[in-house]
file my_file18.csv (CSV, C-alpha atoms and all ligand atoms)
chain,number,residue,atom,x,y,z
A,751,MET,CA,40.7,-7.8,17.7
A,752,LEU,CA,37.4,-7.7,15.7
A,753,SER,CA,35.6,-10.7,14.5
A,754,LEU,CA,34.9,-10.4,10.8
A,755,PRO,CA,32.7,-13.0,8.9
A,756,LYS,CA,34.8,-15.8,7.5
A,757,HIS,CA,34.1,-14.8,3.8
A,758,ILE,CA,35.3,-11.2,4.5
A,759,GLU,CA,38.5,-12.5,6.1
A,760,ALA,CA,39.0,-14.9,3.2
A,761,LEU,CA,38.5,-12.1,0.7
A,762,CYS,CA,41.0,-9.8,2.4
A,763,GLN,CA,43.4,-12.8,2.7
A,764,LYS,CA,43.2,-13.5,-1.0
A,765,LEU,CA,44.0,-9.9,-1.9
A,766,GLU,CA,46.9,-9.9,0.6
A,767,GLU,CA,48.3,-13.1,-1.0
A,768,LYS,CA,48.4,-11.3,-4.3
A,769,GLY,CA,50.4,-8.5,-2.7
A,770,PHE,CA,47.7,-6.0,-2.0
A,771,ALA,CA,46.6,-4.4,1.3
A,772,ALA,CA,42.9,-5.0,2.2
A,773,TYR,CA,40.8,-3.8,5.0
A,774,ALA,CA,37.2,-3.9,6.2
A,775,VAL,CA,36.2,-0.2,6.3
A,776,GLY,CA,33.6,2.4,7.3
A,777,GLY,CA,30.2,1.5,8.7
A,778,CYS,CA,31.0,-2.2,9.4
A,779,VAL,CA,34.0,-1.3,11.5
A,780,ARG,CA,32.0,1.3,13.4
A,781,ASP,CA,29.2,-1.2,14.0
A,782,LEU,CA,31.4,-4.0,15.1
A,783,LEU,CA,33.1,-1.7,17.6
A,784,CYS,CA,29.7,-0.7,19.0
A,785,GLY,CA,28.8,-4.4,19.3
A,786,LYS,CA,26.2,-4.2,16.5
A,787,THR,CA,25.8,-6.5,13.6
A,788,PRO,CA,26.8,-4.6,10.4
A,789,GLY,CA,24.2,-4.5,7.6
A,790,ASP,CA,27.0,-5.0,5.1
A,791,TYR,CA,30.7,-5.1,4.9
A,792,ASP,CA,32.8,-2.8,2.6
A,793,VAL,CA,36.4,-3.6,1.8
A,794,THR,CA,39.0,-1.1,0.8
A,795,SER,CA,42.2,-2.2,-1.0
A,796,SER,CA,45.3,-1.0,-2.7
A,797,ALA,CA,44.3,-3.4,-5.6
A,798,LEU,CA,43.0,-1.6,-8.7
A,799,PRO,CA,39.6,-2.5,-10.1
A,800,ALA,CA,41.3,-4.6,-12.8
A,801,ASP,CA,43.3,-6.4,-10.2
A,802,VAL,CA,40.2,-7.3,-8.2
A,803,LYS,CA,38.5,-8.5,-11.4
A,804,GLY,CA,41.5,-10.7,-12.2
A,805,ILE,CA,41.6,-12.2,-8.7
A,806,PHE,CA,37.9,-13.1,-8.2
A,807,PRO,CA,36.0,-15.1,-10.8
A,808,HIS,CA,32.6,-13.5,-10.2
A,809,THR,CA,32.5,-9.7,-10.1
A,810,ALA,CA,30.3,-6.9,-11.3
A,811,ASP,CA,31.4,-3.4,-12.4
A,812,THR,CA,29.5,-1.3,-9.8
A,813,GLY,CA,31.4,1.9,-10.0
A,814,ILE,CA,34.6,1.3,-11.9
A,815,ALA,CA,35.2,5.0,-12.3
A,816,HIS,CA,35.2,5.4,-8.6
A,817,GLY,CA,37.2,2.3,-8.0
A,818,THR,CA,34.4,0.0,-6.9
A,819,VAL,CA,34.0,-3.6,-8.0
A,820,THR,CA,31.4,-5.9,-6.5
A,821,VAL,CA,32.8,-9.3,-5.7
A,822,VAL,CA,30.0,-11.9,-5.9
A,823,LEU,CA,30.4,-14.6,-3.3
A,824,PRO,CA,28.0,-17.4,-2.2
A,825,GLU,CA,27.7,-15.6,1.2
A,826,GLY,CA,26.6,-12.3,-0.6
A,827,ASN,CA,28.1,-9.4,-2.5
A,828,VAL,CA,31.0,-7.4,-1.2
A,829,GLU,CA,32.0,-4.0,-2.6
A,830,VAL,CA,35.7,-3.7,-2.9
A,831,THR,CA,36.9,-0.1,-3.5
A,832,THR,CA,40.4,1.0,-4.4
A,833,PHE,CA,42.1,3.4,-1.9
A,834,ARG,CA,41.2,6.7,-3.4
A,835,LYS,CA,41.0,10.4,-2.7
A,836,ASP,CA,38.4,12.7,-4.2
A,837,GLY,CA,39.1,15.5,-6.6
A,838,ASP,CA,37.9,19.1,-6.1
A,839,TYR,CA,34.2,19.4,-5.3
A,840,LYS,CA,32.5,21.6,-7.9
A,841,ASP,CA,28.9,21.9,-6.8
A,842,SER,CA,28.7,21.2,-3.1
A,843,ARG,CA,28.0,17.6,-4.0
A,844,HIS,CA,30.2,15.9,-6.7
A,845,PRO,CA,33.9,15.7,-6.9
A,846,ASP,CA,35.3,16.3,-10.4
A,847,GLY,CA,37.0,12.9,-10.3
A,848,VAL,CA,38.8,10.5,-8.1
A,849,THR,CA,42.5,9.6,-7.8
A,850,PHE,CA,43.6,6.2,-6.7
A,851,VAL,CA,46.2,6.4,-3.9
A,852,SER,CA,48.6,3.8,-2.4
A,853,HIS,CA,47.9,4.4,1.3
A,854,ILE,CA,44.9,3.7,3.4
A,855,GLU,CA,45.3,6.9,5.4
A,856,ALA,CA,44.5,9.1,2.3
A,857,ASP,CA,41.4,7.0,1.7
A,858,LEU,CA,40.2,7.4,5.3
A,859,ALA,CA,40.8,11.2,5.0
A,860,ARG,CA,38.1,11.5,2.4
A,861,ARG,CA,35.4,9.9,4.6
A,862,ASP,CA,32.8,11.9,6.4
A,863,PHE,CA,33.0,11.3,10.1
A,864,THR,CA,35.8,10.1,12.3
A,865,VAL,CA,33.7,7.1,13.4
A,866,ASN,CA,33.2,6.2,9.8
A,867,ALA,CA,36.9,6.6,9.0
A,868,MET,CA,38.4,3.5,10.5
A,869,ALA,CA,39.7,0.4,8.8
A,870,TYR,CA,40.5,-3.1,10.2
A,871,SER,CA,42.3,-6.0,8.8
A,872,PRO,CA,43.0,-9.3,10.8
A,873,LEU,CA,46.6,-9.1,9.4
A,874,ARG,CA,47.3,-5.4,9.8
A,875,GLY,CA,45.1,-4.4,12.7
A,876,PHE,CA,43.3,-1.1,13.1
A,877,VAL,CA,43.9,2.0,11.2
A,878,ASP,CA,42.3,5.0,13.0
A,879,PRO,CA,44.2,8.2,12.1
A,880,PHE,CA,41.4,10.6,13.1
A,881,GLY,CA,40.5,9.4,16.6
A,882,GLY,CA,37.4,7.5,15.5
A,883,LYS,CA,37.6,5.0,18.3
A,884,ALA,CA,37.8,7.7,21.0
A,885,ASP,CA,34.8,9.5,19.4
A,886,LEU,CA,32.9,6.2,19.3
A,887,GLN,CA,33.6,5.7,23.0
A,888,HIS,CA,32.4,9.2,23.8
A,889,LYS,CA,29.5,8.8,21.3
A,890,ILE,CA,30.5,11.9,19.4
A,891,LEU,CA,30.1,12.7,15.7
A,892,ARG,CA,32.8,14.9,14.3
A,893,THR,CA,33.8,15.4,10.7
A,894,VAL,CA,37.2,14.2,9.5
A,895,GLY,CA,39.0,17.5,9.2
A,896,ASP,CA,37.5,21.0,9.1
A,897,PRO,CA,33.7,20.7,9.1
A,898,GLU,CA,33.2,23.9,7.1
A,899,VAL,CA,35.4,22.4,4.3
A,900,ARG,CA,33.9,19.0,4.5
A,901,PHE,CA,30.3,20.2,4.4
A,902,SER,CA,31.1,22.7,1.6
A,903,GLU,CA,32.5,19.8,-0.4
A,904,ASP,CA,29.4,17.7,-0.1
A,905,ALA,CA,26.2,18.9,1.4
A,906,LEU,CA,24.8,15.3,1.7
A,907,ARG,CA,27.1,15.0,4.7
A,908,ILE,CA,24.9,17.5,6.6
A,909,LEU,CA,22.0,15.1,6.2
A,910,ARG,CA,24.1,12.1,7.1
A,911,LEU,CA,25.2,13.9,10.3
A,912,TYR,CA,21.7,14.3,11.7
A,913,ARG,CA,20.8,10.8,10.4
A,914,PHE,CA,23.7,9.1,12.2
A,915,SER,CA,23.1,11.2,15.3
A,916,ALA,CA,19.6,9.7,15.5
A,917,GLN,CA,20.7,6.2,14.3
A,918,LEU,CA,23.6,5.8,16.7
A,919,ALA,CA,22.2,8.1,19.5
A,920,PHE,CA,25.4,10.1,19.3
A,921,GLU,CA,26.0,13.8,20.2
A,922,ILE,CA,27.4,16.1,17.6
A,923,GLU,CA,30.6,17.9,18.3
A,924,GLU,CA,30.1,21.6,18.7
A,925,LYS,CA,32.0,23.0,15.6
A,926,THR,CA,30.6,20.2,13.4
A,927,GLU,CA,27.1,21.2,14.4
A,928,MET,CA,27.7,24.9,14.1
A,929,MET,CA,28.9,24.4,10.5
A,930,ALA,CA,26.1,22.0,9.6
A,931,ARG,CA,23.7,24.7,10.7
A,932,LYS,CA,25.6,27.5,8.9
A,933,LEU,CA,25.7,25.5,5.6
A,934,SER,CA,22.2,24.0,5.8
A,935,GLY,CA,21.2,26.3,2.9
A,936,THR,CA,23.5,24.3,0.6
A,937,LEU,CA,21.2,21.2,0.9
A,938,CYS,CA,19.6,22.5,-2.4
A,939,HIS,CA,22.5,20.8,-4.1
A,940,VAL,CA,21.5,17.4,-2.9
A,941,SER,CA,19.2,15.4,-5.2
A,942,ARG,CA,15.6,15.1,-4.1
A,943,GLU,CA,15.9,11.3,-4.1
A,944,ARG,CA,18.9,11.4,-1.7
A,945,ILE,CA,17.2,13.9,0.5
A,946,PHE,CA,14.1,11.6,0.7
A,947,ALA,CA,16.3,8.6,1.4
A,948,GLU,CA,18.2,10.3,4.2
A,949,LEU,CA,15.2,11.9,5.8
A,950,SER,CA,13.4,8.5,5.7
A,951,LYS,CA,16.3,7.0,7.6
A,952,LEU,CA,16.4,9.9,10.0
A,953,LEU,CA,12.6,9.6,10.7
A,954,HIS,CA,12.9,5.9,11.2
A,955,PHE,CA,15.5,6.3,14.0
A,956,ALA,CA,14.7,9.7,15.5
A,957,SER,CA,13.4,10.5,18.9
A,958,ALA,CA,11.5,13.7,19.4
A,959,SER,CA,14.7,15.5,20.6
A,960,ASP,CA,16.6,14.2,17.5
A,961,LEU,CA,13.9,15.7,15.3
A,962,GLU,CA,14.0,19.0,17.2
A,963,ARG,CA,17.8,19.1,16.7
A,964,ALA,CA,17.3,18.3,13.0
A,965,GLU,CA,14.8,21.2,12.6
A,966,VAL,CA,17.5,23.2,10.8
A,967,ILE,CA,17.6,20.7,8.0
A,968,PHE,CA,13.8,20.4,7.8
A,969,ARG,CA,13.5,24.1,7.5
A,970,ALA,CA,16.1,24.1,4.7
A,971,VAL,CA,14.3,21.3,2.8
A,972,MET,CA,10.7,22.3,3.4
A,973,PRO,CA,10.6,26.0,4.2
A,974,GLU,CA,6.8,26.1,3.8
A,975,VAL,CA,6.2,24.0,6.9
A,976,SER,CA,6.1,25.4,10.5
A,977,PHE,CA,7.2,22.8,13.0
A,978,SER,CA,6.1,22.4,16.6
A,979,ALA,CA,7.4,20.3,19.5
A,980,ASP,CA,4.1,18.5,19.5
A,981,ASP,CA,4.5,17.5,15.8
A,982,PHE,CA,8.0,16.2,16.6
A,983,GLU,CA,6.7,14.2,19.5
A,984,LYS,CA,3.9,12.7,17.4
A,985,ALA,CA,6.2,12.0,14.4
A,986,ALA,CA,8.7,10.3,16.7
A,987,SER,CA,6.2,8.1,18.5
A,988,CYS,CA,4.2,7.1,15.4
A,989,THR,CA,5.4,3.7,14.2
A,990,ALA,CA,4.2,4.1,10.6
A,991,MET,CA,6.3,6.0,8.0
A,992,ALA,CA,3.3,7.7,6.3
A,993,GLY,CA,2.1,8.8,9.8
A,994,LYS,CA,5.5,10.3,10.6
A,995,TRP,CA,5.5,12.4,7.5
A,996,ALA,CA,1.9,13.4,8.1
A,997,HIS,CA,2.7,14.6,11.6
A,998,LEU,CA,5.9,16.3,10.6
A,999,CYS,CA,4.6,18.2,7.5
A,1000,GLY,CA,0.8,18.3,8.2
A,1001,ARG,CA,-1.2,19.2,5.1
A,1002,ALA,CA,1.9,20.0,3.1
A,1003,ALA,CA,3.0,16.3,3.4
A,1004,ALA,CA,1.8,15.1,0.0
A,1005,ASP,CA,3.3,18.1,-1.9
A,1006,ILE,CA,6.6,17.7,-0.1
A,1007,LEU,CA,6.8,14.0,-0.6
A,1008,ARG,CA,5.8,14.4,-4.3
A,1009,HIS,CA,8.6,17.0,-4.7
A,1010,LEU,CA,11.0,14.5,-3.0
A,1011,ARG,CA,9.9,11.8,-5.5
A,1012,ALA,CA,8.7,9.5,-2.8
A,1013,PRO,CA,6.8,6.3,-3.7
A,1014,ARG,CA,3.2,7.0,-4.7
A,1015,LYS,CA,1.7,4.8,-2.0
A,1016,LEU,CA,3.5,6.7,0.7
A,1017,ILE,CA,2.4,10.1,-0.8
A,1018,ARG,CA,-1.2,9.0,-0.9
A,1019,SER,CA,-1.2,7.5,2.5
A,1020,ALA,CA,0.5,10.5,4.1
A,1021,GLU,CA,-2.1,12.7,2.4
A,1022,GLU,CA,-4.9,10.6,3.7
A,1023,LEU,CA,-3.7,10.8,7.2
A,1024,ALA,CA,-2.8,14.4,7.2
A,1025,THR,CA,-6.3,15.3,6.0
A,1026,TYR,CA,-8.1,12.9,8.3
A,1027,ARG,CA,-11.1,14.3,10.1
A,1028,LYS,CA,-12.9,12.2,12.6
A,1029,GLY,CA,-16.2,11.0,11.3
A,1030,LYS,CA,-19.3,9.6,13.1
A,1031,HIS,CA,-17.9,6.1,13.7
A,1032,ILE,CA,-14.4,4.6,13.7
A,1033,VAL,CA,-15.4,1.6,11.7
A,1034,ALA,CA,-16.6,3.9,8.9
A,1035,ASP,CA,-13.5,6.0,9.2
A,1036,VAL,CA,-11.3,3.0,8.7
A,1037,SER,CA,-13.4,1.6,5.9
A,1038,ALA,CA,-13.0,4.9,4.0
A,1039,LEU,CA,-9.2,4.6,3.9
A,1040,SER,CA,-7.9,3.9,0.4
A,1041,TYR,CA,-4.1,3.9,0.9
A,1042,THR,CA,-3.5,3.4,4.6
A,1043,THR,CA,-3.7,0.0,6.4
A,1044,PRO,CA,-5.8,0.0,9.6
A,1045,HIS,CA,-2.5,-0.8,11.4
A,1046,ASP,CA,-0.8,2.3,10.1
A,1047,PHE,CA,-3.9,4.4,10.7
A,1048,PHE,CA,-4.0,3.5,14.4
A,1049,ALA,CA,-0.3,4.0,14.6
A,1050,PHE,CA,-1.0,7.6,13.3
A,1051,LEU,CA,-4.0,8.1,15.5
A,1052,GLN,CA,-2.5,6.9,18.8
A,1053,ASP,CA,-6.0,6.7,20.2
A,1054,ALA,CA,-6.2,3.5,22.2
A,1055,ALA,CA,-10.0,3.8,22.8
A,1056,ALA,CA,-10.8,4.2,19.1
A,1057,GLU,CA,-8.5,1.2,18.3
A,1058,ASN,CA,-10.2,-1.0,20.9
A,1059,GLU,CA,-13.6,-0.1,19.6
A,1060,TRP,CA,-12.6,-1.0,16.0
A,1061,LEU,CA,-10.9,-4.2,17.2
A,1062,SER,CA,-13.9,-5.4,19.1
A,1063,ALA,CA,-16.2,-4.7,16.2
A,1064,LYS,CA,-13.9,-6.7,14.0
A,1065,LYS,CA,-13.7,-9.6,16.5
A,1066,LYS,CA,-17.4,-9.8,16.8
A,1067,GLY,CA,-17.6,-10.3,13.0
A,1068,PHE,CA,-19.5,-7.0,12.4
A,1069,PRO,CA,-19.3,-5.8,8.8
A,1070,MET,CA,-16.1,-3.7,8.4
A,1071,HIS,CA,-16.9,-2.2,5.0
A,1072,VAL,CA,-19.7,-1.9,2.4
A,1073,GLY,CA,-18.6,-5.2,0.7
A,1074,GLU,CA,-19.5,-7.1,3.9
A,1075,LEU,CA,-23.2,-5.9,3.9
A,1076,ALA,CA,-25.9,-8.5,3.4
A,1077,VAL,CA,-27.0,-6.6,0.3
A,1078,CYS,CA,-25.2,-5.5,-2.8
A,1079,GLY,CA,-25.5,-3.1,-5.7
A,1080,ALA,CA,-27.8,-5.4,-7.6
A,1081,ASP,CA,-30.2,-5.4,-4.7
A,1082,MET,CA,-30.4,-1.6,-4.7
A,1083,LYS,CA,-30.9,-1.6,-8.4
A,1084,ALA,CA,-33.9,-4.0,-7.9
A,1085,LEU,CA,-35.3,-1.5,-5.5
A,1086,GLY,CA,-35.2,1.2,-8.1
A,1087,PHE,CA,-31.9,3.0,-7.3
A,1088,SER,CA,-29.7,3.9,-10.2
A,1089,GLY,CA,-26.3,5.4,-10.9
A,1090,LYS,CA,-24.7,7.3,-8.1
A,1091,GLU,CA,-27.7,6.5,-5.8
A,1092,ILE,CA,-26.6,2.9,-5.6
A,1093,GLY,CA,-23.3,3.7,-3.9
A,1094,GLU,CA,-24.9,6.3,-1.7
A,1095,ALA,CA,-27.6,3.9,-0.6
A,1096,LEU,CA,-25.0,1.2,0.3
A,1097,GLU,CA,-23.0,3.8,2.3
A,1098,ARG,CA,-26.1,4.8,4.3
A,1099,LEU,CA,-26.9,1.1,4.9
A,1100,PHE,CA,-23.4,0.6,6.0
A,1101,MET,CA,-23.7,3.5,8.6
A,1102,TYR,CA,-27.0,1.9,9.7
A,1103,VAL,CA,-25.3,-1.5,10.2
A,1104,ILE,CA,-22.4,0.0,12.1
A,1105,GLU,CA,-25.0,1.4,14.6
A,1106,ASN,CA,-27.1,-1.8,14.5
A,1107,PRO,CA,-24.7,-4.6,13.8
A,1108,ALA,CA,-27.2,-7.3,14.5
A,1109,ASN,CA,-29.4,-6.1,11.6
A,1110,ASN,CA,-27.0,-7.0,8.8
A,1111,LYS,CA,-29.7,-9.2,7.3
A,1112,LYS,CA,-30.9,-9.0,3.7
A,1113,ASP,CA,-34.7,-8.6,4.6
A,1114,ILE,CA,-34.0,-5.9,7.1
A,1115,LEU,CA,-31.6,-4.0,4.9
A,1116,MET,CA,-34.0,-4.1,1.9
A,1117,GLU,CA,-36.7,-2.6,4.2
A,1118,VAL,CA,-34.3,0.1,5.4
A,1119,ALA,CA,-33.3,0.9,1.9
A,1120,THR,CA,-36.9,1.3,0.9
A,1121,TRP,CA,-37.3,4.0,3.6
A,1122,ILE,CA,-34.2,5.7,2.2
A,1123,TYR,CA,-35.7,5.5,-1.3
A,1124,LYS,CA,-39.0,7.0,-0.2
A,1201,LIG,P1,25.0,2.6,7.1
A,1201,LIG,O1,25.3,1.6,6.0
A,1201,LIG,O2,24.7,2.0,8.5
A,1201,LIG,O3,24.1,3.6,6.7
A,1201,LIG,P2,27.7,3.4,6.5
A,1201,LIG,O4,28.7,4.2,7.4
A,1201,LIG,O5,28.1,2.1,6.1
A,1201,LIG,O6,26.4,3.4,7.4
A,1201,LIG,P3,27.4,4.1,3.8
A,1201,LIG,O7,26.5,5.1,3.1
A,1201,LIG,O8,27.1,2.7,3.5
A,1201,LIG,O9,27.3,4.4,5.3
A,1201,LIG,O10,28.9,4.5,3.4
A,1201,LIG,C1,30.0,3.7,3.6
A,1201,LIG,C2,31.2,4.6,4.1
A,1201,LIG,O11,31.5,5.5,3.0
A,1201,LIG,C3,30.9,5.5,5.3
A,1201,LIG,O12,31.1,4.8,6.5
A,1201,LIG,C4,31.9,6.6,5.0
A,1201,LIG,O13,33.2,6.2,5.4
A,1201,LIG,C5,31.9,6.7,3.5
A,1201,LIG,N1,30.9,7.7,3.0
A,1201,LIG,C6,29.7,7.5,2.6
A,1201,LIG,N2,29.1,8.6,2.1
A,1201,LIG,C7,30.0,9.6,2.3
A,1201,LIG,C8,30.0,11.0,1.9
A,1201,LIG,N3,29.0,11.6,1.4
A,1201,LIG,N4,31.1,11.7,2.2
A,1201,LIG,C9,32.2,11.1,2.8
A,1201,LIG,N5,32.3,9.8,3.1
A,1201,LIG,C10,31.2,9.0,2.8
A,1202,MG,MG,27.0,0.8,4.7
call {"tool": "encode", "arguments": {"input": "my_file18.csv", "output": "C-alpha cells"}}
result
Amino acid sequence: MLSLPKHIEALCQKLEEKGFAAYAVGGCVRDLLCGKTPGDYDVTSSALPADVKGIFPHTADTGIAHGTVTVVLPEGNVEVTTFRKDGDYKDSRHPDGVTFVSHIEADLARRDFTVNAMAYSPLRGFVDPFGGKADLQHKILRTVGDPEVRFSEDALRILRLYRFSAQLAFEIEEKTEMMARKLSGTLCHVSRERIFAELSKLLHFASASDLERAEVIFRAVMPEVSFSADDFEKAASCTAMAGKWAHLCGRAAADILRHLRAPRKLIRSAEELATYRKGKHIVADVSALSYTTPHDFFAFLQDAAAENEWLSAKKKGFPMHVGELAVCGADMKALGFSGKEIGEALERLFMYVIENPANNKKDILMEVATWIYK
C-alpha cells in the first residue's frame, strides 16, 4: 500500500467511476517507495484527452498531441496522460508520433528506467512489469529493455541516467552504463536547453565520485575542457551553482554556459569566479564583484580564513565598498580631479581605508586625496 494525497486518490477515483483505469505513475511512485515526498504526481489513464476534459471542469491542454491534459485542482495541477506508446525515433531524440494504447503495461514499456516504470492505484494496486521495485531495493538504475535501443531512441536518457544516479545515489547496471558510454556521442541530438537543465540537476546533486563517473558525458558535451579529480572535488563541495560551473569548466565556463543558453546572471557570475585572481585585500576583492554575491563567492573560494577576515570587517562596520567612503565623487571633483581620475582616486582611497579603517573620515580622506593628486 502506498499513501497518495487525497486529491490524487479522488482524481483517480473519478476516472475509475467513468470506466477508465487510472494510476499514479513514474517519479512519484518511485519517490513514495523510497520514503521521499514526491515533487509532483503524474497520473496515467486509459481515458483519452477528450474524456479527461469532459470529466474535470478545469483543465489545460498541455500536450494534447502526446495525450497530456493538465487537470487544475485547488490543491495544484495534475498532469493526466493517456496510456501511450511512442512511434519510431527518427533523430535520437523525438518519436515520429505517439499511439494511444489500452493497457498500462505498454505505457510503462516506453519509460526510461525500471524504477521510473511503475504505476500504483489504490484500487488496482502496483503494476511493475520490469522489476522496478527490486531495482529500487538494490539501488540500481537499469533501462527498461535493451539499453542500446533505448539510448539510441532518445539520447536525453543518457543524461537522465547520470542525473538520477546522483540524485538517488543509485548504482548503474553494467550493460546500461556500458551503452550510455558507447552512445555518449549522440548527446549532440539533445537541445542545449535540455542539456543545461539536466547538467544543472546533476551538478546540484552530485558528489565528487558522481561527477567522475559522469565525466563521459561532460567530455561529450564540452570537449574543450580537461577535467581533473581536484576540479570534481571542488565542484561537488561548492554550494553555489556558478561556483560549481567555474570549478568544473575553468576559464571555458562562460563560453560553455553561453552555448548552453544558460541564464545571463549565471554566465557572468561563473565567468567572474573562474577568472578570479586574489588581490591585495579580501574586502576589495569582494567589493569588486559585479555578479556574484559574497555568499556565493565564499562558497566558491572555500577559504575559511578569508571569509572570517571579511566577516569581521563587516561586523565592525568598516566600509565594504567605495560607496561607503566618507567622501564621494563630488568631493574629488572639488579637489580638482576630473573624468576617470575621480573613480581611480576613490578606488585608491578605498584601498587606503581597508588598511586603515579608523580613518574613514572626510577630513582625513580629503587630505589623503590631496597627496594622491600631487
Ligand atoms: P523528477 O521529477 O524527480 O526529476 P521523474 O521520474 O518524475 O523525476 P520526469 O522528467 O518528471 O521525471 O518524468 C516523469 C516520468 O516520465 C519518468 O518517471 C519516466 O517514467 C518518464 N520519462 C520522462 N522522460 C523520459 C524519457 N526521456 N524517456 C522515457 N521516459 C521518460
Ligand atoms: Mg517528475
call {"tool": "residues_around", "arguments": {"input": "my_file18.csv", "residues": "Ile1104 of chain A", "least_positions_apart": "5", "cutoff": "8 Å", "atoms": "all atoms listed in the file", "output": "ChimeraX atom specification"}}
result
/A:1031,1033-1034,1068-1069
call {"tool": "residues_near_point", "arguments": {"input": "my_file18.csv", "point": "(-11.1, 3.7, 17.5)", "cutoff": "10 Å", "atoms": "all atoms listed in the file", "output": "list in words"}}
result
Lys1028, His1031, Ile1032, Val1033, Asp1035, Val1036, Phe1047, Phe1048, Leu1051, Gln1052, Asp1053, Ala1054, Ala1055, Ala1056, Glu1057, Asn1058, Glu1059, Trp1060, Leu1061, Ser1062 and Ala1063 of chain A
call {"tool": "write_last_selection", "arguments": {"input": "my_file18.csv", "atoms": "C-alpha atoms", "output": "PDB file, in the frame of the given file"}}
result
ATOM      1  CA  LYS A1028     -12.900  12.200  12.600  1.00  0.00           C
ATOM      2  CA  HIS A1031     -17.900   6.100  13.700  1.00  0.00           C
ATOM      3  CA  ILE A1032     -14.400   4.600  13.700  1.00  0.00           C
ATOM      4  CA  VAL A1033     -15.400   1.600  11.700  1.00  0.00           C
ATOM      5  CA  ASP A1035     -13.500   6.000   9.200  1.00  0.00           C
ATOM      6  CA  VAL A1036     -11.300   3.000   8.700  1.00  0.00           C
ATOM      7  CA  PHE A1047      -3.900   4.400  10.700  1.00  0.00           C
ATOM      8  CA  PHE A1048      -4.000   3.500  14.400  1.00  0.00           C
ATOM      9  CA  LEU A1051      -4.000   8.100  15.500  1.00  0.00           C
ATOM     10  CA  GLN A1052      -2.500   6.900  18.800  1.00  0.00           C
ATOM     11  CA  ASP A1053      -6.000   6.700  20.200  1.00  0.00           C
ATOM     12  CA  ALA A1054      -6.200   3.500  22.200  1.00  0.00           C
ATOM     13  CA  ALA A1055     -10.000   3.800  22.800  1.00  0.00           C
ATOM     14  CA  ALA A1056     -10.800   4.200  19.100  1.00  0.00           C
ATOM     15  CA  GLU A1057      -8.500   1.200  18.300  1.00  0.00           C
ATOM     16  CA  ASN A1058     -10.200  -1.000  20.900  1.00  0.00           C
ATOM     17  CA  GLU A1059     -13.600  -0.100  19.600  1.00  0.00           C
ATOM     18  CA  TRP A1060     -12.600  -1.000  16.000  1.00  0.00           C
ATOM     19  CA  LEU A1061     -10.900  -4.200  17.200  1.00  0.00           C
ATOM     20  CA  SER A1062     -13.900  -5.400  19.100  1.00  0.00           C
ATOM     21  CA  ALA A1063     -16.200  -4.700  16.200  1.00  0.00           C
TER      22      ALA A1063
END
call {"tool": "atom_distance", "arguments": {"input": "my_file18.csv", "atom1": "atom CA of Leu906 of chain A", "atom2": "atom CA of Ile922 of chain A"}}
result
16.1 Å
call {"tool": "residues_near_ligand", "arguments": {"input": "my_file18.csv", "ligand": "ligand MG 1202 (chain A)", "cutoff": "7 Å", "atoms": "all atoms listed in the file", "output": "PyMOL selection string"}}
result
chain A and resi 777-778+789-791
call {"tool": "write_last_selection", "arguments": {"input": "my_file18.csv", "atoms": "C-alpha atoms", "output": "mmCIF file, keeping the file's coordinate frame"}}
result
data_model
loop_
_atom_site.group_PDB
_atom_site.id
_atom_site.type_symbol
_atom_site.label_atom_id
_atom_site.label_comp_id
_atom_site.auth_asym_id
_atom_site.auth_seq_id
_atom_site.Cartn_x
_atom_site.Cartn_y
_atom_site.Cartn_z
ATOM 1 C CA GLY A 777 30.200 1.500 8.700
ATOM 2 C CA CYS A 778 31.000 -2.200 9.400
ATOM 3 C CA GLY A 789 24.200 -4.500 7.600
ATOM 4 C CA ASP A 790 27.000 -5.000 5.100
ATOM 5 C CA TYR A 791 30.700 -5.100 4.900
#
call {"tool": "closest_atom_pairs", "arguments": {"input": "my_file18.csv", "of": "chain A", "to": "ligand LIG 1201 (chain A)", "cutoff": "8 Å", "atoms": "only C-alpha atoms and all ligand atoms", "output": "CSV"}}
result
residue,atom,partner,partner_atom,distance
A:Val775,CA,A:LIG1201,O13,7.1
A:Gly776,CA,A:LIG1201,O12,3.6
A:Gly777,CA,A:LIG1201,O4,3.4
A:Cys778,CA,A:LIG1201,O5,6.1
A:Arg780,CA,A:LIG1201,O4,7.4
A:Asp781,CA,A:LIG1201,O2,7.8
A:Pro788,CA,A:LIG1201,O2,7.2
A:Gly789,CA,A:LIG1201,O1,6.4
A:Asp790,CA,A:LIG1201,O1,6.9
A:Tyr791,CA,A:LIG1201,O5,7.7
A:Asp792,CA,A:LIG1201,C1,7.1
A:Leu858,CA,A:LIG1201,O13,7.1
A:Arg860,CA,A:LIG1201,C9,5.9
A:Arg861,CA,A:LIG1201,N5,3.4
A:Asp862,CA,A:LIG1201,C9,3.7
A:Phe863,CA,A:LIG1201,O13,6.9
A:Val865,CA,A:LIG1201,O12,7.7
A:Asn866,CA,A:LIG1201,O12,4.2
A:Ala867,CA,A:LIG1201,O13,5.2
A:Met868,CA,A:LIG1201,O13,7.8
A:Asp904,CA,A:LIG1201,N3,6.3
A:Ala905,CA,A:LIG1201,N3,7.8
A:Leu906,CA,A:LIG1201,N3,5.6
A:Arg907,CA,A:LIG1201,N3,5.1
A:Arg910,CA,A:LIG1201,N3,7.5
A:Phe914,CA,A:LIG1201,O3,7.8
call {"tool": "closest_residue", "arguments": {"input": "my_file18.csv", "among": "A:Phe806, A:Ala774, A:Ala1038, A:Arg900", "to": "Asp836 of chain A", "atoms": "all atoms listed in the file"}}
result
A:Arg900
call {"tool": "closest_residue", "arguments": {"input": "my_file18.csv", "among": "A:Ser902, A:Glu924, A:Pro824, A:Lys768", "to": "Pro845 of chain A", "atoms": "all atoms listed in the file"}}
result
A:Ser902
call {"tool": "atom_distance", "arguments": {"input": "my_file18.csv", "atom1": "atom CA of Gly1029 of chain A", "atom2": "atom CA of Pro1044 of chain A"}}
result
15.2 Å
call {"tool": "residues_around", "arguments": {"input": "my_file18.csv", "residues": "Cys762 of chain A", "least_positions_apart": "3", "cutoff": "6 Å", "atoms": "all atoms listed in the file", "output": "CSV table (one decimal) with C-alpha atoms, in the frame of the given file"}}
result
chain,number,residue,atom,x,y,z
A,759,GLU,CA,38.5,-12.5,6.1
A,765,LEU,CA,44.0,-9.9,-1.9
A,772,ALA,CA,42.9,-5.0,2.2
call {"tool": "atom_distance", "arguments": {"input": "my_file18.csv", "atom1": "atom CA of Val899 of chain A", "atom2": "atom CA of Cys784 of chain A"}}
result
28.0 Å
